[in-house]
There are 2 protein chains.
Amino acid sequence: MSTSPAILAVDWGTSSFRLWLMSNGGTVLAEQRSHEGMSEVAGRGFETVLESHLSALQVPDSLPVVICGMAGSRQGWVETGYIDTPADVTTIAENAVLVPGVARRIIIIPGLAVRSLSEPDVMRGEETQLLGAHLELPGGKRYCMPGTHSKWVSMNGAIVTGFETFMTGELFATISARTILVHSTSGAGGVDAQDPAFLTGVRDGWTRPEKTTHHLFSIRAGQLLHDRVTEQNRARLSGLLIGAELAGAGVRGGEQICLVASGSLHRLYHAALSECGVTVRDIDADVAVRRGLMESWHQYSNRSGDLKRA
Amino acid sequence: MSTSPAILAVDWGTSSFRLWLMSNGGTVLAEQRSHEGMSEVAGRGFETVLESHLSALQVPDSLPVVICGMAGSRQGWVETGYIDTPADVTTIAENAVLVPGVARRIIIIPGLAVRSLSEPDVMRGEETQLLGAHLELPGGKRYCMPGTHSKWVSMNGAIVTGFETFMTGELFATISARTILVHSTSGAGGVDAQDPAFLTGVRDGWTRPEKTTHHLFSIRAGQLLHDRVTEQNRARLSGLLIGAELAGAGVRGGEQICLVASGSLHRLYHAALSECGVTVRDIDADVAVRRGLMESWHQYSNRSGDLKRA
């Protein structure tokens, strides 16, 4: 497998920046991670931030850069719009936008949209992760991509037929830090995926999602009446919100779901889905986004080649 | 009806202080309102704050003061504990606590608790409002008391058989100010109870509560894809959360519910309950809490009399 640098793959989100220097065969030759997400970068300029990372790695000017994520939003570097569903996940990058006015070849991938009037939805970054996941584990019908804004995607072959976003991660952070539950849940570390309080929370959220905003307050009451401790409360809060997400996504025991996640989010969602009797197929989120970015470059350059030949 | 001052009725919550000077017949002779809730008062002392209001009204030292609300919590003035459900709403005040070490007769009413292991719950202040509501409109089976933490109470005669709290008001405030929805919902004024976006939100939250955390994100997507305006988004957010509360409380069309509320909360919940086909019996929340405080004093002083005679 070739190990000469071929491409720079970048996942540029709202609050994080991740860059991988990769060979054509997909080997990771170098990596950079920082908190220079879109909201922090706006003032300094996207090109300045990107080039500072590239000089740190001494990357030649000839290497192309492929970017997915919020860098393509209206508040980002160059707006790339959304491709409407149903959409073929293997052709999204044909609509990537070449960043104008820079020496290097830099492209940004567009997002996906559900342009429904009653339940509109958008994603930006996850479409590239999804492409990678689809290639890593072909044939999946349902993909769960947990995070600040968890995405649930339905696929038919390579066609994204629809998706739904759940605000689970952001609600967990906000509710635990900014409501009365701060007294019951703050200060603890991560949630243990095997904690009975987490798993009971998942089951309660999944089987009785309509009770969620009541179950949240009950965490506070449990601390007052039963002296429940912070770790337990935090685990239950996490379980309730993830369980309600699973209910909203219509998860049923016995079905198969592709879980695209890494680290602690992977542990929590794998345990939650298993608790509901789901057969989980695991795909590492970092592997998926790198493969998606690499494939996006091939799609884009093939298409550009086609256009030149036409 | 006598109009000579007989009692001082105080509702002292986390973020607000309300005091009424009342006659024995229930006439309001004077009123004081401020933001000196428990969290603000802690440093200055409860007695100092109370006496400053009483001197403003030139109230004689002989008048008793009856207080309900968070002043009776562990972080309050004097801890009054909780009476466990099932509980007779007309005898709660027999357990009121006389504030020690002050010249004036001041009593604080205890709260109510559901001491269940799986779904514990507490209220403090609403038990007094409930007493007043029960006396104003006897025979109600279900009481809805909306607010920061909405309470739903089941009653059998004067017995509180159980209750559930929903974090609706606090979630509305937090989600609209502290999540990605700030871009879609902030800056607008109050929500119009007849706004179709509010009523559609109620219906969606009530019929599909499991989708709530998805519907929340969809508000953001609707702004991005369909240019929906702040008023509309804010109304839908409010409707979704109230609708999910109604689903959690098990509201069904055709049933009768006593709504204890004032002002804009009353308008929103009355419209939401009507949208779900509920027959609403309205009780003004201020009237209810004043009547409950007055009645609590009678209960307490009769009981004290009994004790003295015993």
# chains A, B, ... in the order shown; residues from 1 in each chain; ligands from 1
$ select_by_dssp --residues "stretch 74-259 of chain B" --states "strand (DSSP E)" --output "PyMOL selection string"
chain B and resi 82-84+87-88+97-98+106-108+111-114+121-123+142-145+150-156+159-166+256-259
$ interface_residues --of "chain A" --to "chain B" --cutoff "6 Å" --atoms "only C-alpha atoms" --output "list in words"
Glu119, Pro120, Asp121, Val122, Thr165, Phe166, Met167, Pro209, Glu210, Lys211, Thr213, His214, Ser218, Ala221, Gly222, Ala247 and Gly248 of chain A
$ write_last_selection --atoms "N, CA and C atoms" --output "mmCIF file, in the first residue's frame"
data_model
loop_
_atom_site.group_PDB
_atom_site.id
_atom_site.type_symbol
_atom_site.label_atom_id
_atom_site.label_comp_id
_atom_site.auth_asym_id
_atom_site.auth_seq_id
_atom_site.Cartn_x
_atom_site.Cartn_y
_atom_site.Cartn_z
ATOM 1 N N GLU A 119 -41.761 18.576 8.503
ATOM 2 C CA GLU A 119 -40.607 18.168 9.307
ATOM 3 C C GLU A 119 -39.312 18.336 8.542
ATOM 4 N N PRO A 120 -38.952 19.590 8.238
ATOM 5 C CA PRO A 120 -37.703 19.818 7.509
ATOM 6 C C PRO A 120 -36.503 19.380 8.343
ATOM 7 N N ASP A 121 -35.409 19.025 7.663
ATOM 8 C CA ASP A 121 -34.216 18.619 8.394
ATOM 9 C C ASP A 121 -32.980 18.887 7.533
ATOM 10 N N VAL A 122 -31.848 19.030 8.188
ATOM 11 C CA VAL A 122 -30.585 19.262 7.474
ATOM 12 C C VAL A 122 -29.448 18.498 8.150
ATOM 13 N N THR A 165 -33.069 14.318 12.678
ATOM 14 C CA THR A 165 -32.093 14.763 13.668
ATOM 15 C C THR A 165 -32.758 14.851 15.041
ATOM 16 N N PHE A 166 -32.072 14.385 16.065
ATOM 17 C CA PHE A 166 -32.533 14.502 17.455
ATOM 18 C C PHE A 166 -31.498 15.310 18.233
ATOM 19 N N MET A 167 -31.956 16.263 19.047
ATOM 20 C CA MET A 167 -31.026 17.175 19.726
ATOM 21 C C MET A 167 -30.418 16.592 21.002
ATOM 22 N N PRO A 209 -41.648 7.498 26.173
ATOM 23 C CA PRO A 209 -41.006 8.777 25.800
ATOM 24 C C PRO A 209 -41.863 9.990 26.158
ATOM 25 N N GLU A 210 -43.191 9.801 26.217
ATOM 26 C CA GLU A 210 -44.076 10.939 26.534
ATOM 27 C C GLU A 210 -43.856 11.432 27.960
ATOM 28 N N LYS A 211 -43.219 10.604 28.802
ATOM 29 C CA LYS A 211 -42.976 10.999 30.195
ATOM 30 C C LYS A 211 -41.624 11.692 30.370
ATOM 31 N N THR A 213 -40.183 14.665 30.000
ATOM 32 C CA THR A 213 -39.975 15.918 30.744
ATOM 33 C C THR A 213 -40.424 15.778 32.208
ATOM 34 N N HIS A 214 -41.252 14.762 32.483
ATOM 35 C CA HIS A 214 -41.561 14.435 33.883
ATOM 36 C C HIS A 214 -40.398 13.662 34.513
ATOM 37 N N SER A 218 -38.077 14.310 37.952
ATOM 38 C CA SER A 218 -38.031 13.245 38.953
ATOM 39 C C SER A 218 -36.588 12.950 39.399
ATOM 40 N N ALA A 221 -36.156 15.258 42.217
ATOM 41 C CA ALA A 221 -36.910 14.784 43.381
ATOM 42 C C ALA A 221 -36.215 13.575 44.011
ATOM 43 N N GLY A 222 -35.622 12.714 43.185
ATOM 44 C CA GLY A 222 -34.922 11.537 43.700
ATOM 45 C C GLY A 222 -33.709 11.913 44.537
ATOM 46 N N ALA A 247 -36.893 5.846 20.845
ATOM 47 C CA ALA A 247 -38.343 5.768 20.637
ATOM 48 C C ALA A 247 -38.747 6.628 19.443
ATOM 49 N N GLY A 248 -38.199 7.849 19.384
ATOM 50 C CA GLY A 248 -38.537 8.764 18.292
ATOM 51 C C GLY A 248 -38.110 8.212 16.941
#
$ atom_distance --atom1 "atom CA of A:Cys68" --atom2 "atom CA of B:Ser186"
28.6 Å
$ select_by_dssp --residues "stretch 41-138 of chain B" --states "alpha helix (DSSP H)" --output "PyMOL selection string"
chain B and resi 41+46-56+126-136
$ write_last_selection --atoms "C-alpha atoms" --output "PDB file, in the first residue's frame"
ATOM      1  CA  VAL B  41     -32.798  36.708  49.442  1.00  0.00           C
ATOM      2  CA  PHE B  46     -35.697  36.336  54.937  1.00  0.00           C
ATOM      3  CA  GLU B  47     -36.841  38.323  57.967  1.00  0.00           C
ATOM      4  CA  THR B  48     -35.193  41.536  56.733  1.00  0.00           C
ATOM      5  CA  VAL B  49     -36.861  41.266  53.340  1.00  0.00           C
ATOM      6  CA  LEU B  50     -40.269  40.415  54.787  1.00  0.00           C
ATOM      7  CA  GLU B  51     -40.201  43.207  57.373  1.00  0.00           C
ATOM      8  CA  SER B  52     -39.193  45.803  54.750  1.00  0.00           C
ATOM      9  CA  HIS B  53     -42.401  44.964  52.854  1.00  0.00           C
ATOM     10  CA  LEU B  54     -44.475  45.004  56.050  1.00  0.00           C
ATOM     11  CA  SER B  55     -43.193  48.432  57.103  1.00  0.00           C
ATOM     12  CA  ALA B  56     -43.975  49.751  53.604  1.00  0.00           C
ATOM     13  CA  GLU B 126     -48.571  24.380  44.652  1.00  0.00           C
ATOM     14  CA  GLU B 127     -50.120  22.396  47.550  1.00  0.00           C
ATOM     15  CA  THR B 128     -51.502  25.687  48.868  1.00  0.00           C
ATOM     16  CA  GLN B 129     -52.708  26.771  45.428  1.00  0.00           C
ATOM     17  CA  LEU B 130     -54.325  23.350  45.114  1.00  0.00           C
ATOM     18  CA  LEU B 131     -56.127  23.765  48.427  1.00  0.00           C
ATOM     19  CA  GLY B 132     -57.557  27.060  47.198  1.00  0.00           C
ATOM     20  CA  ALA B 133     -58.506  25.577  43.821  1.00  0.00           C
ATOM     21  CA  HIS B 134     -60.204  22.632  45.530  1.00  0.00           C
ATOM     22  CA  LEU B 135     -62.264  25.061  47.633  1.00  0.00           C
ATOM     23  CA  GLU B 136     -63.068  27.362  44.700  1.00  0.00           C
TER      24      GLU B 136
END
$ closest_residue --among "B:Leu137, B:Ala93, B:Leu265, B:Val59" --to "B:Arg303" --atoms "only C-alpha atoms"
B:Ala93
